Every structure is written in C-alpha cells, then in structure tokens.
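As provided, coords08.cif (mmCIF, C-alpha atoms) reads as follows.
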```cif
data_entry
loop_
_atom_site.label_atom_id
_atom_site.label_comp_id
_atom_site.auth_asym_id
_atom_site.auth_seq_id
_atom_site.Cartn_x
_atom_site.Cartn_y
_atom_site.Cartn_z
CA MET A 2 -10.07 22.72 -3.66
CA ALA A 3 -10.34 19.07 -2.85
CA LYS A 4 -8.81 16.35 -4.96
CA ILE A 5 -11.46 13.90 -6.14
CA ILE A 6 -10.50 10.24 -6.43
CA VAL A 7 -12.75 7.47 -7.72
CA VAL A 8 -12.19 3.86 -6.66
CA THR A 9 -13.49 1.77 -9.54
CA SER A 10 -13.11 -1.62 -11.21
CA GLY A 11 -16.06 -2.59 -13.38
CA LYS A 12 -16.26 -6.06 -11.89
CA GLY A 13 -17.88 -6.57 -8.52
CA GLY A 14 -16.29 -8.18 -5.50
CA VAL A 15 -12.70 -7.27 -6.31
CA GLY A 16 -12.21 -4.99 -3.31
CA LYS A 17 -13.42 -1.50 -4.23
CA THR A 18 -15.11 -0.82 -0.90
CA THR A 19 -12.29 -2.44 1.07
CA THR A 20 -9.84 -0.25 -0.84
CA SER A 21 -11.98 2.90 -0.50
CA ALA A 22 -12.26 2.42 3.25
CA SER A 23 -8.55 1.79 3.80
CA PHE A 24 -7.42 4.45 1.34
CA ALA A 25 -9.64 7.15 2.89
CA THR A 26 -8.57 6.10 6.39
CA GLY A 27 -4.91 6.27 5.37
CA LEU A 28 -5.29 9.75 3.89
CA ALA A 29 -7.01 10.97 7.06
CA GLN A 30 -4.33 9.37 9.25
CA ALA A 31 -1.76 11.32 7.24
CA GLY A 32 -3.54 14.48 8.39
CA HIS A 33 -5.67 15.22 5.34
CA LYS A 34 -9.33 16.03 5.82
CA THR A 35 -11.03 13.25 3.88
CA VAL A 36 -14.57 12.21 3.03
CA VAL A 37 -15.48 8.86 1.50
CA ILE A 38 -18.77 8.64 -0.41
CA ASP A 39 -20.68 5.44 -1.18
CA PHE A 40 -22.16 5.68 -4.70
CA ASP A 41 -23.81 2.26 -4.56
CA VAL A 42 -27.41 3.41 -4.17
CA GLY A 43 -29.67 0.57 -3.06
CA LEU A 44 -26.78 -1.71 -2.09
CA ARG A 45 -24.73 0.30 0.34
CA ASN A 46 -21.86 -1.42 2.10
CA LEU A 47 -19.26 1.18 2.92
CA ASP A 48 -21.06 1.96 6.19
CA LEU A 49 -20.62 -1.68 7.28
CA ILE A 50 -16.95 -1.83 6.30
CA MET A 51 -16.34 1.42 8.19
CA GLY A 52 -18.41 0.19 11.16
CA VAL A 53 -20.82 3.14 11.14
CA GLU A 54 -23.98 1.33 9.99
CA ARG A 55 -25.89 2.20 13.13
CA ARG A 56 -25.09 5.89 12.84
CA VAL A 57 -26.57 6.47 9.36
CA VAL A 58 -29.49 8.88 9.70
CA PHE A 59 -29.33 10.85 6.48
CA ASP A 60 -27.55 9.77 3.32
CA PHE A 61 -26.12 11.00 0.01
CA ILE A 62 -29.52 10.89 -1.72
CA ASN A 63 -31.15 12.90 1.07
CA VAL A 64 -28.54 15.58 0.50
CA ILE A 65 -29.01 15.51 -3.27
CA ALA A 66 -32.79 15.81 -2.82
CA GLN A 67 -32.16 18.64 -0.32
CA GLU A 68 -34.00 16.80 2.41
CA ALA A 69 -30.98 17.07 4.66
CA THR A 70 -27.88 19.24 4.82
CA LEU A 71 -24.42 17.86 4.21
CA LYS A 72 -23.58 18.57 7.82
CA GLN A 73 -26.45 16.34 8.94
CA ALA A 74 -25.51 13.51 6.60
CA LEU A 75 -21.73 13.40 7.12
CA ILE A 76 -20.76 10.77 9.66
CA ARG A 77 -17.61 11.57 11.59
CA ASP A 78 -15.37 8.56 12.11
CA LYS A 79 -14.84 7.88 15.81
CA ARG A 80 -11.44 6.26 15.45
CA VAL A 81 -9.67 8.53 13.00
CA GLU A 82 -9.64 12.29 13.07
CA ASN A 83 -10.32 14.17 9.81
CA LEU A 84 -12.34 11.28 8.39
CA TYR A 85 -15.99 11.48 7.33
CA ILE A 86 -18.34 9.03 5.66
CA LEU A 87 -21.29 9.81 3.41
CA ALA A 88 -23.49 6.72 3.16
CA ALA A 89 -25.52 5.72 0.13
CA SER A 90 -29.26 5.41 0.35
CA GLN A 91 -30.54 1.91 0.92
CA THR A 92 -34.08 2.42 -0.31
CA ARG A 93 -34.17 4.86 -3.19
CA ASP A 94 -33.60 3.69 -6.71
CA LYS A 95 -30.64 4.78 -8.80
CA ASP A 96 -32.55 7.50 -10.65
CA ALA A 97 -32.30 9.59 -7.52
CA LEU A 98 -28.63 10.07 -8.37
CA THR A 99 -28.43 12.99 -10.81
CA GLU A 100 -25.40 14.60 -12.38
CA ALA A 101 -26.44 18.07 -11.21
CA GLY A 102 -27.11 16.79 -7.70
CA VAL A 103 -23.78 14.99 -7.44
CA ALA A 104 -22.00 18.06 -8.85
CA ARG A 105 -23.56 20.29 -6.20
CA VAL A 106 -22.64 17.97 -3.31
CA ILE A 107 -19.08 17.49 -4.54
CA ASP A 108 -18.73 21.21 -5.03
CA GLU A 109 -19.80 21.88 -1.48
CA LEU A 110 -17.50 19.18 -0.09
CA SER A 111 -14.61 20.59 -2.13
CA LYS A 112 -14.59 23.77 -0.08
CA ASP A 113 -14.06 21.89 3.15
CA PHE A 114 -12.06 18.77 2.38
CA ASP A 115 -8.63 17.90 1.04
CA TYR A 116 -9.70 14.58 -0.49
CA ILE A 117 -13.03 13.23 -1.70
CA VAL A 118 -12.95 9.46 -2.24
CA CYS A 119 -15.80 8.12 -4.39
CA ASP A 120 -16.52 4.42 -3.85
CA SER A 121 -18.03 3.28 -7.15
CA PRO A 122 -20.61 0.51 -7.49
CA ALA A 123 -19.79 -2.41 -9.77
CA GLY A 124 -20.83 -2.27 -13.40
CA ILE A 125 -20.84 0.66 -15.79
CA GLU A 126 -24.33 1.95 -15.14
CA LYS A 127 -25.35 5.37 -13.90
CA GLY A 128 -24.00 5.09 -10.36
CA ALA A 129 -20.60 3.95 -11.60
CA LEU A 130 -20.49 6.61 -14.33
CA LEU A 131 -21.37 9.36 -11.85
CA ALA A 132 -18.77 8.13 -9.35
CA MET A 133 -16.18 8.52 -12.12
CA HIS A 134 -17.56 11.68 -13.68
CA PHE A 135 -15.92 14.36 -11.53
CA ALA A 136 -12.73 12.46 -10.69
CA ASP A 137 -9.27 13.98 -10.94
CA GLU A 138 -7.65 10.62 -10.28
CA ALA A 139 -8.77 7.01 -10.33
CA LEU A 140 -7.74 3.91 -8.42
CA VAL A 141 -8.52 0.99 -10.70
CA VAL A 142 -8.89 -2.07 -8.47
CA THR A 143 -8.05 -5.31 -10.25
CA ASN A 144 -7.73 -8.94 -9.23
CA PRO A 145 -5.09 -10.97 -11.10
CA GLU A 146 -7.78 -12.85 -12.96
CA VAL A 147 -9.09 -12.65 -16.54
CA SER A 148 -12.57 -11.22 -16.02
CA SER A 149 -11.41 -8.57 -13.60
CA VAL A 150 -8.58 -7.45 -15.89
CA ARG A 151 -10.89 -7.25 -18.88
CA ASP A 152 -13.42 -5.18 -16.93
CA SER A 153 -10.68 -2.87 -15.67
CA ASP A 154 -9.60 -2.24 -19.24
CA ARG A 155 -13.18 -1.37 -20.11
CA VAL A 156 -13.34 1.07 -17.20
CA LEU A 157 -10.10 2.69 -18.33
CA GLY A 158 -11.77 3.30 -21.69
CA ILE A 159 -14.67 5.03 -19.96
CA LEU A 160 -12.37 7.12 -17.77
CA SER A 161 -10.64 8.42 -20.87
CA SER A 162 -13.80 9.14 -22.85
CA LYS A 163 -16.85 9.82 -20.70
CA THR A 164 -15.66 11.76 -17.64
CA GLN A 165 -15.74 15.51 -17.19
CA ARG A 166 -11.98 15.69 -17.55
CA ALA A 167 -12.08 13.65 -20.75
CA LYS A 168 -14.71 15.98 -22.17
CA THR A 169 -12.63 19.07 -21.45
CA GLY A 170 -9.56 17.54 -23.04
CA GLU A 171 -7.78 16.75 -19.78
CA SER A 172 -7.14 13.29 -18.47
CA VAL A 173 -7.93 11.44 -15.27
CA LYS A 174 -4.75 10.27 -13.60
CA GLU A 175 -5.00 6.48 -13.39
CA HIS A 176 -3.47 4.20 -10.76
CA LEU A 177 -3.47 0.43 -10.79
CA VAL A 178 -4.28 -1.34 -7.52
CA ILE A 179 -3.93 -5.12 -7.61
CA THR A 180 -5.79 -6.87 -4.82
CA ARG A 181 -6.06 -10.48 -3.61
CA TYR A 182 -2.56 -11.20 -4.89
CA ASP A 183 -1.24 -14.64 -4.07
CA ALA A 184 2.51 -14.70 -4.67
CA ASN A 185 2.64 -18.47 -4.15
CA ARG A 186 0.15 -19.12 -6.91
CA VAL A 187 1.95 -16.67 -9.17
CA ALA A 188 5.18 -18.59 -8.56
CA ARG A 189 3.40 -21.80 -9.57
CA GLY A 190 2.14 -20.20 -12.78
CA GLU A 191 -1.47 -20.36 -11.63
CA MET A 192 -2.08 -16.63 -11.36
CA LEU A 193 -1.28 -13.57 -13.46
CA SER A 194 1.75 -11.76 -12.06
CA VAL A 195 1.97 -8.06 -11.25
CA GLU A 196 4.04 -7.64 -14.41
CA ASP A 197 1.42 -9.46 -16.53
CA VAL A 198 -1.37 -7.19 -15.30
CA LYS A 199 0.79 -4.07 -15.72
CA ASP A 200 1.66 -5.15 -19.28
CA ILE A 201 -1.96 -5.58 -20.24
CA LEU A 202 -3.48 -2.52 -18.61
CA ALA A 203 -0.46 -0.27 -19.16
CA ILE A 204 -1.07 2.15 -16.29
CA PRO A 205 1.24 2.94 -13.37
CA LEU A 206 1.07 0.59 -10.38
CA LEU A 207 0.13 2.19 -7.06
CA GLY A 208 -0.09 -0.87 -4.85
CA VAL A 209 -0.42 -4.61 -4.54
CA ILE A 210 -2.53 -5.97 -1.69
CA PRO A 211 -1.83 -9.60 -0.83
CA GLU A 212 -4.69 -12.10 -0.53
CA SER A 213 -5.34 -12.18 3.19
CA ARG A 214 -7.82 -13.58 5.65
CA ASP A 215 -7.39 -10.41 7.65
CA VAL A 216 -9.59 -8.55 5.15
CA LEU A 217 -12.60 -10.67 6.13
CA ASN A 218 -11.66 -10.42 9.79
CA ALA A 219 -11.58 -6.65 9.46
CA SER A 220 -14.93 -6.41 7.71
CA ASN A 221 -16.50 -8.72 10.30
CA GLN A 222 -15.53 -6.15 12.92
CA GLY A 223 -16.40 -3.08 10.88
CA ALA A 224 -12.87 -1.71 10.84
CA PRO A 225 -10.93 -0.85 7.68
CA VAL A 226 -8.15 -3.40 7.27
CA ILE A 227 -5.51 -0.64 7.21
CA SER A 228 -6.19 -0.07 10.92
CA MET A 229 -5.30 -3.64 11.91
CA PRO A 230 -1.91 -4.04 13.61
CA GLU A 231 0.78 -6.32 12.19
CA VAL A 232 -1.20 -7.35 9.16
CA GLN A 233 0.32 -7.61 5.68
CA ALA A 234 -2.72 -6.22 3.89
CA ALA A 235 -2.68 -3.23 6.25
CA GLU A 236 1.01 -2.63 5.58
CA ALA A 237 0.38 -2.85 1.84
CA TYR A 238 -2.42 -0.27 2.10
CA LYS A 239 -0.20 2.03 4.19
CA ASP A 240 2.46 1.82 1.47
CA LEU A 241 -0.18 2.52 -1.17
CA VAL A 242 -1.35 5.69 0.61
CA ALA A 243 2.24 6.87 1.14
CA ARG A 244 2.97 6.38 -2.58
CA PHE A 245 -0.18 8.23 -3.49
CA LEU A 246 1.04 11.13 -1.35
CA GLY A 247 4.33 11.16 -3.24
CA GLU A 248 6.60 8.98 -1.14
CA GLU A 249 8.71 6.31 -2.83
CA ARG A 250 8.26 2.89 -1.37
CA THR A 251 9.20 -0.48 -2.79
CA HIS A 252 6.41 -2.98 -3.32
CA ARG A 253 6.33 -5.68 -0.66
CA PHE A 254 4.69 -9.09 -0.34
CA LEU A 255 5.37 -9.97 -3.97
CA ASP A 256 7.53 -13.00 -3.23
CA PRO A 257 6.29 -16.46 -2.31
CA SER A 258 6.43 -17.31 1.36
CA SER A 259 9.48 -19.29 2.53
CA LYS A 260 7.64 -22.61 2.49
CA GLY A 261 6.94 -21.88 -1.16
CA PHE A 262 9.36 -24.52 -2.39
CA LEU A 263 7.48 -27.37 -0.76
CA ASN A 264 4.24 -25.79 -1.83
CA ARG A 265 5.41 -25.77 -5.39
CA LEU A 266 6.57 -29.36 -5.17
CA PHE A 267 3.42 -30.75 -3.65
CA GLY A 268 0.87 -28.26 -4.86
CA GLY A 269 -0.05 -27.36 -1.27
CA MET B 4 -0.06 -33.04 -9.24
CA ALA B 5 2.22 -30.05 -9.00
CA TRP B 6 5.50 -32.00 -8.95
CA MET B 7 4.60 -33.51 -12.29
CA ASP B 8 4.74 -30.03 -13.80
CA ILE B 9 8.52 -30.19 -13.54
CA PHE B 10 8.47 -32.82 -16.27
CA ARG B 11 6.05 -30.88 -18.39
CA ALA B 12 8.06 -27.71 -18.65
CA ASN B 13 6.91 -27.11 -22.21
CA LYS B 14 3.28 -26.90 -21.32
CA PRO B 15 2.33 -23.26 -20.80
CA SER B 16 1.09 -22.37 -17.33
CA THR B 17 -2.53 -21.32 -16.90
CA ALA B 18 -1.31 -17.83 -16.00
CA GLN B 19 0.46 -17.63 -19.37
CA LEU B 20 -2.73 -18.71 -21.13
CA ALA B 21 -4.66 -16.09 -19.20
CA LYS B 22 -2.22 -13.40 -20.28
CA GLU B 23 -2.35 -14.38 -23.94
CA ARG B 24 -6.14 -14.46 -23.96
CA LEU B 25 -6.32 -11.09 -22.25
CA GLN B 26 -3.93 -9.50 -24.71
CA VAL B 27 -6.25 -10.49 -27.54
CA ILE B 28 -9.42 -9.39 -25.73
CA VAL B 29 -7.97 -6.06 -24.68
CA ALA B 30 -6.63 -5.32 -28.15
CA HIS B 31 -10.12 -5.99 -29.53
CA GLN B 32 -11.77 -3.91 -26.86
CA ARG B 33 -9.52 -0.95 -27.56
CA ALA B 34 -9.91 -1.32 -31.31
CA GLY B 35 -13.68 -1.51 -30.89
CA HIS B 36 -13.53 1.72 -29.04
CA LEU B 37 -11.58 3.26 -31.87
CA HIS B 38 -13.67 1.86 -34.69
CA ALA B 39 -16.96 3.01 -33.33
CA PRO B 40 -17.03 6.59 -32.09
CA ASP B 41 -20.20 7.47 -30.17
CA TYR B 42 -21.56 9.73 -32.89
CA LEU B 43 -21.53 7.11 -35.66
CA PRO B 44 -25.09 5.76 -35.35
CA LYS B 45 -26.48 9.30 -35.19
CA LEU B 46 -24.38 10.42 -38.15
CA GLN B 47 -25.58 7.42 -40.09
CA LYS B 48 -29.22 8.20 -39.33
CA GLU B 49 -28.92 11.90 -40.18
CA LEU B 50 -27.13 11.17 -43.44
CA LEU B 51 -29.88 8.76 -44.33
CA ASP B 52 -32.48 11.44 -43.61
CA VAL B 53 -30.69 13.93 -45.88
CA ILE B 54 -30.36 11.44 -48.73
CA ARG B 55 -34.00 10.50 -48.44
CA LYS B 56 -34.96 14.08 -49.18
CA TYR B 57 -33.73 13.46 -52.71
CA VAL B 58 -33.69 9.73 -53.32
CA ALA B 59 -35.82 6.90 -52.00
CA VAL B 60 -33.33 4.57 -50.36
CA GLY B 61 -33.57 1.73 -47.84
CA GLU B 62 -32.29 1.59 -44.26
CA ASP B 63 -29.03 0.01 -45.30
CA ALA B 64 -28.15 2.54 -48.00
CA VAL B 65 -25.57 4.27 -45.84
CA ASN B 66 -22.59 2.34 -44.62
CA ILE B 67 -19.94 3.95 -42.43
CA GLU B 68 -16.60 2.53 -41.41
CA VAL B 69 -13.71 3.95 -39.51
CA GLU B 70 -10.22 2.83 -40.26
CA ARG B 71 -6.99 3.75 -38.66
CA ASP B 72 -3.86 4.38 -40.65
CA GLY B 73 -0.91 5.39 -38.51
CA ASP B 74 -1.89 8.64 -36.81
CA THR B 75 -4.91 9.36 -38.96
CA GLU B 76 -8.40 7.96 -38.86
CA ILE B 77 -10.29 7.50 -42.09
CA LEU B 78 -14.04 7.82 -42.09
CA GLU B 79 -15.31 5.84 -45.04
CA LEU B 80 -18.83 6.49 -46.27
CA ASN B 81 -20.57 4.22 -48.72
CA ILE B 82 -23.92 5.35 -50.04
CA THR B 83 -25.84 3.07 -52.34
CA VAL B 84 -28.50 4.75 -54.45
CA PRO B 85 -30.77 3.04 -56.96
CA SER B 86 -29.81 3.73 -60.56
CA SER B 87 -32.04 6.34 -62.17
CA LYS B 88 -34.04 4.91 -65.05
CA SER B 89 -35.11 8.15 -66.69
#
```
Rewritten as structure tokens:
Amino acid sequence: MAKIIVVTSGKGGVGKTTTSASFATGLAQAGHKTVVIDFDVGLRNLDLIMGVERRVVFDFINVIAQEATLKQALIRDKRVENLYILAASQTRDKDALTEAGVARVIDELSKDFDYIVCDSPAGIEKGALLAMHFADEALVVTNPEVSSVRDSDRVLGILSSKTQRAKTGESVKEHLVITRYDANRVARGEMLSVEDVKDILAIPLLGVIPESRDVLNASNQGAPVISMPEVQAAEAYKDLVARFLGEERTHRFLDPSSKGFLNRLFGG
Amino acid sequence: MAWMDIFRANKPSTAQLAKERLQVIVAHQRAGHLHAPDYLPKLQKELLDVIRKYVAVGEDAVNIEVERDGDTEILELNITVPSSKS
C-alpha cells in the first residue's frame, strides 16, 4: 500500500508545486517508487516545473473519465528512476474531478507505488479538498508572512475535520514546511521567525527552505530545484526528504549570512 | 533607516506585530470552528420544522449556541414561542 501525502497551503504562490516536485524527486532518488499528481485542473503547472510539458498526452481527468488508462497517462521522469508524473487537465473544468474517480485512481496507484504525492491547488475549493481527502500525511507549505500563516491554519482545520481520515476518527499526520525564509530579514525583525510560525501553527517542523533565486532558475529550466548542484534550497529539500524518511538532521540556513551585521546596520 | 532602530529598541518589530495579530486571528479561527459545528444550520432548520407542526413561529424562533466549558461543549437551545391567549 502506498503512502499518500498531500502538499497543501491554502494560499497560492507559496511554493506548493515547487515543494511537490522536489519532495517527489527526493523520495524517488531515495529509491522509493513515487508518483506526483497535479490536482490543479484548468491551471496545471507541475508539468512545467518537472520539465515534462511536451510529453503530456493524457492526463488525470482522462483517467478519471476512463478515456485513457493510468499506464498511458503516467509520464516517466527521464532524469530520475522510480519517478512518475500525472498531469492535470488543462481544458476541463473542475467538476470533472469526482471523489469516486479520484478514489479509483489512487487505489490503482496504491498497488504499484510506495508514495503518492498530491499537489493541491490553492484555495479550499473542490480540487484542494479532493487533494487532501485521501491523504495519510500532509505537508503544509507556509511562507513566514501573515496571510500565508492564517491560510495554513485554516487548512489544518480542514485536514482535521473534512478528510477521510478525520471522518473515520483517525488523523492526518501534519508537517510544517516553511518556504522563502530570509534569515537576514528575520534577524532584523522584519519577518516571522521559524519559532514564531511553529508557535502559531503548533505542528511539527519538517523543513525550512531559504528564499533563493535558484528556485526561479530551476523552474525556468524545468528541473526541480532539489536536482540543482550546490544550491542551498536543494540542500534544504534533501534534508526535508531525509527527515520525512525518518533520518534526524539539524535545520540549516536559519542564521543570517556573515555580512548580516552590516546589513542590519544599513538596512541593506 | 535600519541603524536608527538601535535607538528605538522599545518599538516592537513588524515581525512581532505580525505574530501578535496572527495569534488573535488564529485563536478566533479555531474558536469559530468550535462554535459552529457543520450540522448546526440543519439542526436549527429541522427543529424549526418540528416546532411549526404545533406552534406558528417565525424564522428566528430557534436560537442555537455552542459554548465550551473545559472539556465539555454545551449546546444551548433557545426557543421563543408566542404566549397562548386561550
């Protein structure tokens, strides 16, 4: 049986797809057969971030509507073994996503995969709810910023009340992922710290990804940032995956850079 | 200018303000969740239907509130019926 993990946040643009892509890639690199599914019907992006946009023939909705088999729709990653992508449909509307349909696809994937990563759309509408519905665990992606933290709290409420696990009296295991963290701004008192966010959301911290221009560089090229050499954000994602798989690793990149003192003095 | 902040040590940082505001919002959000279980509107409507079988009452005759006291939740029902004149 596969473990099902939803990557969610409520707010858009905080790094769900970036995190889904790197997380799934990291799991596959660790030797686990992994599929990452884009639940953002009508606004798919995971295919671009993974660099497979030209290889999408059939998508998630085609499989749900039984117009294509899973085998036809799964895109095998060319760089990483054990990694598959299931793209969202770009044309159909969200009503095409049904609970029974999603259940059937996830069930079928469960037989074959170790991990199923569900990349949720922003918001708390149908697509987001269905991405969460079957999850065993959740990565809650949060920026150290008021609106993102508030939305994450809202999503935590939904995870603990509306998911399948919640309805059967179990709970979804929640992990906090803080992205776009700028230790220099935190040191200047301009940004919520890791501890602040942890205090407010009160769930265990899985990883902190530093704000980095490499994330944009990676998406420009269609490669998950975790695959970039000598990049802090990649290292942080590798640590995150290792922690998820049970390894203990200390959190890095939480301290201001060495020129921080001058920065603090001159606001640079 | 950032260096001026050194002389304004008493002024809370914007991050501190953000944290305080969030603590209030989140507490509200969680309380809201607690105070309004999903079934409340339906319960209210069905109760109203039952009461209307016997008494003619308006839409606002049934008032439901949930309160929390330690580990227990109290469901408080207030039903206003017109006084019978017979």
Interface list for chain A, partner chain B, 12 Å threshold, all atoms listed in the file, as a ChimeraX atom specification: /A:145-159,161-163,186-203,262-269
Pairwise distance for atom CA of Ile117 of chain A and atom CA of Ile5 of chain A, rounded to one decimal in Å: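 Interatomic distance, atom CA of Ile117 of chain A to atom CA of Ile5 of chain A: 4.8 Å.
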Point-to-point distance from atom CA of Ser220 of chain A to atom CA of Asn185 of chain A, Å rounded to tenths: 24.4 Å
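For the choices A:Gly124, A:Pro230, A:Pro225, A:Gly11, the atom-to-atom distance to Ser23 of chain A is smallest for A:Pro225 when using all atoms listed in the file.
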Distance of atom CA of Arg250 of chain A from atom CA of Ser111 of chain A, expressed in Å to one decimal place: 28.9 Å
Close residues, Val118 of chain A itself excluded, 10 Å, all atoms listed in the file, min 6 positions apart in chain, as a PyMOL selection string: chain A and resi 3-8+21-22+24-25+28+35-39+86+132+136+138-140
Test item: the PyMOL selection byres ((chain A and resi 84) around 9) resolved as a ChimeraX atom specification: /A:25-26,28-30,33-37,76-83,85-86
